[in-house]
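Below is query_3.cif, holding mmCIF, C-alpha atoms and all ligand atoms.
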```
data_model
#
loop_
_atom_site.label_atom_id
_atom_site.label_comp_id
_atom_site.auth_asym_id
_atom_site.auth_seq_id
_atom_site.Cartn_x
_atom_site.Cartn_y
_atom_site.Cartn_z
CA MET T 1 46.92 72.56 15.80
CA ARG T 2 44.22 70.22 17.17
CA THR T 3 41.55 69.14 14.71
CA VAL T 4 38.52 66.90 15.11
CA VAL T 5 36.88 65.45 12.02
CA VAL T 6 33.39 64.26 12.93
CA TYR T 7 31.20 62.53 10.41
CA GLU T 8 28.06 60.57 9.87
CA SER T 9 28.20 57.85 7.25
CA LEU T 10 25.53 55.27 6.61
CA THR T 11 27.07 53.54 3.60
CA GLY T 12 30.74 54.50 4.04
CA THR T 13 31.31 57.23 1.46
CA THR T 14 31.42 60.20 3.81
CA ARG T 15 33.79 58.22 5.98
CA VAL T 16 36.21 57.99 3.03
CA VAL T 17 36.10 61.79 2.70
CA ALA T 18 36.47 62.26 6.46
CA ARG T 19 39.54 60.02 6.44
CA ALA T 20 41.10 62.06 3.64
CA LEU T 21 40.49 65.27 5.63
CA ALA T 22 41.96 63.70 8.77
CA GLY T 23 45.04 62.59 6.84
CA VAL T 24 45.77 66.19 5.93
CA ALA T 25 44.96 67.43 9.46
CA TRP T 26 47.48 64.94 10.82
CA SER T 27 50.26 66.68 8.91
CA PHE T 28 49.41 69.89 10.80
CA GLY T 29 49.25 68.41 14.32
CA GLU T 30 46.86 66.32 16.41
CA VAL T 31 43.72 64.91 14.84
CA ALA T 32 40.80 62.80 15.98
CA LEU T 33 38.59 61.12 13.39
CA LEU T 34 35.25 60.30 15.03
CA SER T 35 31.84 59.19 13.90
CA VAL T 36 28.92 61.16 15.36
CA ASP T 37 28.20 58.35 17.79
CA ASP T 38 31.72 58.52 19.26
CA CYS T 39 32.07 62.30 19.49
CA SER T 40 30.90 63.53 22.90
CA PRO T 41 31.04 67.17 24.06
CA SER T 42 34.22 66.46 26.06
CA THR T 43 35.98 65.45 22.82
CA LEU T 44 35.78 69.07 21.70
CA VAL T 45 37.54 70.61 24.70
CA GLY T 46 40.70 72.46 23.64
CA VAL T 47 40.16 71.78 19.96
CA ASP T 48 41.19 74.41 17.36
CA LEU T 49 39.03 73.25 14.48
CA VAL T 50 36.11 70.87 13.94
CA LEU T 51 35.19 69.61 10.47
CA VAL T 52 31.66 68.21 10.49
CA GLY T 53 30.16 66.23 7.63
CA GLY T 54 27.51 63.79 6.58
CA PRO T 55 25.63 62.45 3.58
CA THR T 56 22.90 64.37 1.81
CA HIS T 57 19.57 62.65 2.36
CA ALA T 58 16.30 63.94 0.93
CA ARG T 59 18.08 67.19 -0.05
CA GLY T 60 19.44 67.87 3.45
CA ALA T 61 21.12 66.28 6.44
CA THR T 62 19.95 62.84 7.55
CA TRP T 63 16.87 62.24 9.64
CA ALA T 64 15.78 59.11 11.42
CA THR T 65 13.50 58.23 8.51
CA THR T 66 16.19 58.67 5.85
CA GLU T 67 18.64 56.74 8.04
CA ARG T 68 16.15 53.90 8.12
CA MET T 69 15.85 54.06 4.34
CA ALA T 70 19.63 53.93 3.98
CA ARG T 71 19.84 51.02 6.40
CA ALA T 72 17.13 49.20 4.52
CA ARG T 73 19.16 49.61 1.35
CA LEU T 74 22.22 48.28 3.14
CA GLY T 75 20.17 45.40 4.43
CA GLU T 76 19.14 44.53 0.92
CA ARG T 77 22.74 44.57 -0.22
CA PHE T 78 24.63 43.26 2.80
CA GLY T 79 22.11 41.54 5.04
CA PRO T 80 23.09 41.41 8.73
CA ALA T 81 25.83 44.06 8.35
CA VAL T 82 23.07 46.61 8.87
CA ASP T 83 23.10 45.78 12.60
CA ARG T 84 26.31 47.77 13.00
CA HIS T 85 24.39 50.97 12.29
CA ASP T 86 21.43 50.36 14.54
CA GLU T 87 22.56 52.77 17.21
CA CYS T 88 23.99 55.44 14.93
CA PRO T 89 22.53 58.58 16.48
CA GLY T 90 22.41 60.74 13.37
CA ILE T 91 23.78 64.20 12.97
CA HIS T 92 20.74 66.00 14.43
CA ARG T 93 20.97 63.97 17.59
CA TRP T 94 24.73 64.74 17.70
CA PHE T 95 23.96 68.45 17.59
CA ASP T 96 21.48 68.02 20.43
CA GLU T 97 24.10 66.24 22.49
CA ILE T 98 26.81 68.84 21.84
CA GLY T 99 24.53 71.65 23.04
CA GLN T 100 26.07 75.13 22.99
CA VAL T 101 29.76 75.77 22.29
CA ASP T 102 31.85 78.89 22.72
CA GLY T 103 33.46 80.02 19.47
CA ILE T 104 35.18 76.81 18.34
CA ARG T 105 36.17 77.15 14.70
CA ALA T 106 34.40 74.82 12.33
CA ALA T 107 33.52 74.03 8.73
CA ALA T 108 30.91 71.72 7.21
CA PHE T 109 31.13 69.18 4.41
CA ASP T 110 28.88 66.61 2.82
CA THR T 111 28.69 63.97 0.16
CA ARG T 112 25.92 64.20 -2.41
CA LEU T 113 25.04 63.05 -5.90
CA GLU T 114 26.65 64.66 -8.93
CA GLY T 115 24.67 67.52 -10.41
CA ALA T 116 23.62 71.00 -9.45
CA GLY T 117 23.45 71.51 -5.71
CA VAL T 118 20.13 73.29 -6.01
CA VAL T 119 18.68 70.09 -7.43
CA THR T 120 20.39 67.46 -5.25
CA GLY T 121 20.38 69.49 -2.03
CA ARG T 122 23.50 69.86 0.10
CA ALA T 123 23.58 68.58 3.67
CA SER T 124 26.58 70.82 4.41
CA LEU T 125 24.43 73.94 4.15
CA GLY T 126 22.16 72.77 6.95
CA ILE T 127 25.10 71.47 8.98
CA ALA T 128 26.84 74.85 8.66
CA ARG T 129 23.67 76.69 9.69
CA LYS T 130 23.35 74.51 12.76
CA LEU T 131 27.05 74.92 13.61
CA ARG T 132 26.65 78.70 13.58
CA ALA T 133 23.44 78.51 15.58
CA ILE T 134 25.08 76.67 18.48
CA GLY T 135 28.13 78.91 18.70
CA PHE T 136 30.74 77.55 16.31
CA VAL T 137 32.60 80.10 14.18
CA GLU T 138 32.49 79.05 10.56
CA VAL T 139 35.92 79.46 8.94
CA ALA T 140 35.20 78.14 5.44
CA ALA T 141 32.24 77.83 3.12
CA PRO T 142 30.45 74.46 3.20
CA ARG T 143 31.93 71.99 0.73
CA SER T 144 30.29 69.10 -1.12
CA PHE T 145 32.05 66.02 -2.43
CA LEU T 146 30.34 64.16 -5.23
CA VAL T 147 29.26 60.56 -5.62
CA ASP T 148 27.96 58.67 -8.64
CA GLY T 149 24.67 56.81 -8.91
CA ASP T 150 26.23 53.72 -7.33
CA GLY T 151 27.25 55.70 -4.28
CA HIS T 152 30.98 55.74 -5.05
CA LEU T 153 33.04 58.90 -4.83
CA CYS T 154 33.52 60.42 -8.27
CA GLU T 155 37.00 60.64 -9.72
CA GLY T 156 39.13 63.37 -8.19
CA GLN T 157 36.92 63.89 -5.13
CA ARG T 158 39.42 62.52 -2.64
CA ILE T 159 42.01 64.96 -3.94
CA ARG T 160 39.45 67.78 -3.74
CA ALA T 161 38.88 66.80 -0.12
CA GLU T 162 42.60 66.91 0.62
CA GLU T 163 42.92 70.29 -1.08
CA TRP T 164 39.99 71.67 0.90
CA ALA T 165 41.48 70.45 4.18
CA GLU T 166 44.86 71.86 3.24
CA SER T 167 43.35 75.28 2.56
CA VAL T 168 41.15 75.39 5.70
CA ILE T 169 43.62 73.89 8.17
CA GLY T 170 46.68 75.43 6.55
CA VAL T 171 45.40 78.99 6.90
CA LEU T 172 44.55 78.47 10.59
CA ALA T 173 47.82 76.69 11.34
CA ARG T 174 49.90 79.41 9.73
CA ALA T 175 47.93 82.07 11.62
CA GLN T 176 48.73 80.26 14.90
CA VAL T 177 52.45 80.20 14.09
CA GLY T 178 52.57 83.78 12.84
C1 LIG T 201 17.89 57.45 1.76
C2 LIG T 201 18.84 58.23 0.89
C3 LIG T 201 18.48 59.48 0.42
C4 LIG T 201 19.37 60.21 -0.40
N1 LIG T 201 19.00 61.45 -0.82
C5 LIG T 201 19.88 62.18 -1.57
C6 LIG T 201 19.55 63.51 -1.97
O1 LIG T 201 18.46 64.02 -1.70
N2 LIG T 201 20.47 64.21 -2.66
C7 LIG T 201 21.71 63.69 -2.99
O2 LIG T 201 22.50 64.40 -3.60
N3 LIG T 201 22.05 62.44 -2.62
C8 LIG T 201 21.18 61.68 -1.92
N4 LIG T 201 21.51 60.42 -1.52
C9 LIG T 201 22.84 59.90 -1.88
C10 LIG T 201 23.82 60.07 -0.72
O3 LIG T 201 23.95 61.42 -0.33
C11 LIG T 201 25.21 59.59 -1.11
O4 LIG T 201 25.17 58.26 -1.55
C12 LIG T 201 26.17 59.73 0.06
O5 LIG T 201 27.48 59.75 -0.41
C13 LIG T 201 26.01 58.62 1.08
O6 LIG T 201 26.95 58.85 2.10
P1 LIG T 201 27.35 57.71 3.14
O7 LIG T 201 27.88 56.53 2.32
O8 LIG T 201 28.45 58.32 3.94
O9 LIG T 201 26.15 57.35 3.94
C14 LIG T 201 20.64 59.67 -0.73
C15 LIG T 201 20.99 58.39 -0.27
C16 LIG T 201 20.10 57.68 0.53
C17 LIG T 201 20.50 56.32 1.01
#
```
Spell out the structure here as structure tokens.
Ligand SMILES: Cc1cc2nc3c(=O)[nH]c(=O)nc-3n(C[C@H](O)[C@H](O)[C@H](O)COP(=O)(O)O)c2cc1C
Amino acid sequence: MRTVVVYESLTGTTRVVARALAGVAWSFGEVALLSVDDCSPSTLVGVDLVLVGGPTHARGATWATTERMARARLGERFGPAVDRHDECPGIHRWFDEIGQVDGIRAAAFDTRLEGAGVVTGRASLGIARKLRAIGFVEVAAPRSFLVDGDGHLCEGQRIRAEEWAESVIGVLARAQVG
């Protein structure tokens, strides 16, 4: 089983979730954990499953303007550390770069604030829509992982992430064996 976990993360929270997913994927076979700026189309050749996630910004996936807002917030908190993110291409630009794919299995995830998804928005819904539009086959419903007002993952969310990965990857892995 070969899995790629690709994520965008401006302030680090989605990366924590992505790492938890990759940890589970590792127990089923090969895994690559890549940020959107490191995941080129060639990285997806021969892959069985791609898990794609990012933060919810302005009720959807990030855009250049919301990235800039997030970076500005980082700048306020951490000063020069913001430079690290200057070339982060953003998930929309990643989709543009990937182009069309041929039936690779995929599922979308996001991080978002606690509360009803209809109020906060869920980036994973838009990510899943885009995945389907460019030829991925969606194998699980989009999943959100929740953060508090300080941007930290809420209690139990890492375990939820592991359970989600276990269910998505486990079903596919067992189908391959059987
Ligand atoms: C500019 C900006 C806009 C945001 N907009 C929303 C939003 O509309 N809905 C929501 O649930 N969370 C929103 N958030 C919170 C982020 O989704 C949340 O903190 C997320 O976990 C950040 O992920 P990251 O640390 O991987 O960048 C926003 C955060 C920022 C910085």
10 Å shell around ligand LIG 201 (chain T) using only C-alpha atoms and all ligand atoms, listed as JSON, numbers by chain: {"T": [7, 8, 9, 10, 11, 12, 13, 14, 15, 16, 17, 18, 53, 54, 55, 56, 57, 58, 59, 60, 61, 62, 63, 65, 66, 67, 68, 69, 70, 71, 72, 73, 74, 110, 111, 112, 113, 114, 115, 116, 117, 118, 119, 120, 121, 122, 123, 144, 145, 146, 147, 148, 149, 150, 151, 152, 153, 154]}
Exercise: Pro142 in chain T partners within 10 Å, only C-alpha atoms, chain neighbours under 4 positions left out, as a list in words: Leu51, Val52, Gly53, Ala106, Ala107, Ala108, Phe109, Asp110, Arg122, Ala123, Ser124, Leu125, Gly126, Ile127, Ala128, Arg129 and Glu138 of chain T
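Comparing the minimum interatomic distances between Ile98 in chain T and each of T:Val6, T:Gly23, T:Leu33, T:Val177, counting only C-alpha atoms, we find that T:Val6 sits nearest.
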Between CA of Arg2 in chain T and CA of Ala161 in chain T - distance in Å to one decimal: 18.4 Å
CA of Gln176 in chain T to CA of Ser42 in chain T, distance in Å rounded to a single decimal: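 CA of Ser42 in chain T lies at a distance of 22.9 Å from CA of Gln176 in chain T.
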Please, can range 3-14 of chain T be completed to N, CA and C atoms and returned as a PDB file, in the frame of the given file?
```pdb
ATOM      1  N   THR T   3      42.722  69.214  15.583  1.00  0.00           N
ATOM      2  CA  THR T   3      41.550  69.140  14.710  1.00  0.00           C
ATOM      3  C   THR T   3      40.730  67.899  15.042  1.00  0.00           C
ATOM      4  N   VAL T   4      39.412  68.059  15.033  1.00  0.00           N
ATOM      5  CA  VAL T   4      38.520  66.900  15.110  1.00  0.00           C
ATOM      6  C   VAL T   4      37.724  66.838  13.810  1.00  0.00           C
ATOM      7  N   VAL T   5      37.733  65.687  13.189  1.00  0.00           N
ATOM      8  CA  VAL T   5      36.880  65.450  12.020  1.00  0.00           C
ATOM      9  C   VAL T   5      35.757  64.539  12.488  1.00  0.00           C
ATOM     10  N   VAL T   6      34.533  65.055  12.466  1.00  0.00           N
ATOM     11  CA  VAL T   6      33.390  64.260  12.930  1.00  0.00           C
ATOM     12  C   VAL T   6      32.422  64.064  11.763  1.00  0.00           C
ATOM     13  N   TYR T   7      31.990  62.836  11.597  1.00  0.00           N
ATOM     14  CA  TYR T   7      31.200  62.530  10.410  1.00  0.00           C
ATOM     15  C   TYR T   7      30.083  61.554  10.734  1.00  0.00           C
ATOM     16  N   GLU T   8      29.061  61.623   9.907  1.00  0.00           N
ATOM     17  CA  GLU T   8      28.060  60.570   9.870  1.00  0.00           C
ATOM     18  C   GLU T   8      28.202  59.871   8.531  1.00  0.00           C
ATOM     19  N   SER T   9      28.092  58.570   8.514  1.00  0.00           N
ATOM     20  CA  SER T   9      28.200  57.850   7.250  1.00  0.00           C
ATOM     21  C   SER T   9      27.402  56.566   7.349  1.00  0.00           C
ATOM     22  N   LEU T  10      26.366  56.463   6.552  1.00  0.00           N
ATOM     23  CA  LEU T  10      25.530  55.270   6.610  1.00  0.00           C
ATOM     24  C   LEU T  10      26.055  54.177   5.697  1.00  0.00           C
ATOM     25  N   THR T  11      26.598  54.559   4.545  1.00  0.00           N
ATOM     26  CA  THR T  11      27.070  53.540   3.600  1.00  0.00           C
ATOM     27  C   THR T  11      28.569  53.669   3.310  1.00  0.00           C
ATOM     28  N   GLY T  12      29.263  54.504   4.074  1.00  0.00           N
ATOM     29  CA  GLY T  12      30.740  54.500   4.040  1.00  0.00           C
ATOM     30  C   GLY T  12      31.404  55.589   3.217  1.00  0.00           C
ATOM     31  N   THR T  13      30.659  56.281   2.363  1.00  0.00           N
ATOM     32  CA  THR T  13      31.310  57.230   1.460  1.00  0.00           C
ATOM     33  C   THR T  13      31.805  58.482   2.185  1.00  0.00           C
ATOM     34  N   THR T  14      30.990  59.008   3.067  1.00  0.00           N
ATOM     35  CA  THR T  14      31.420  60.200   3.810  1.00  0.00           C
ATOM     36  C   THR T  14      32.603  59.874   4.708  1.00  0.00           C
TER      37      THR T  14
END
```
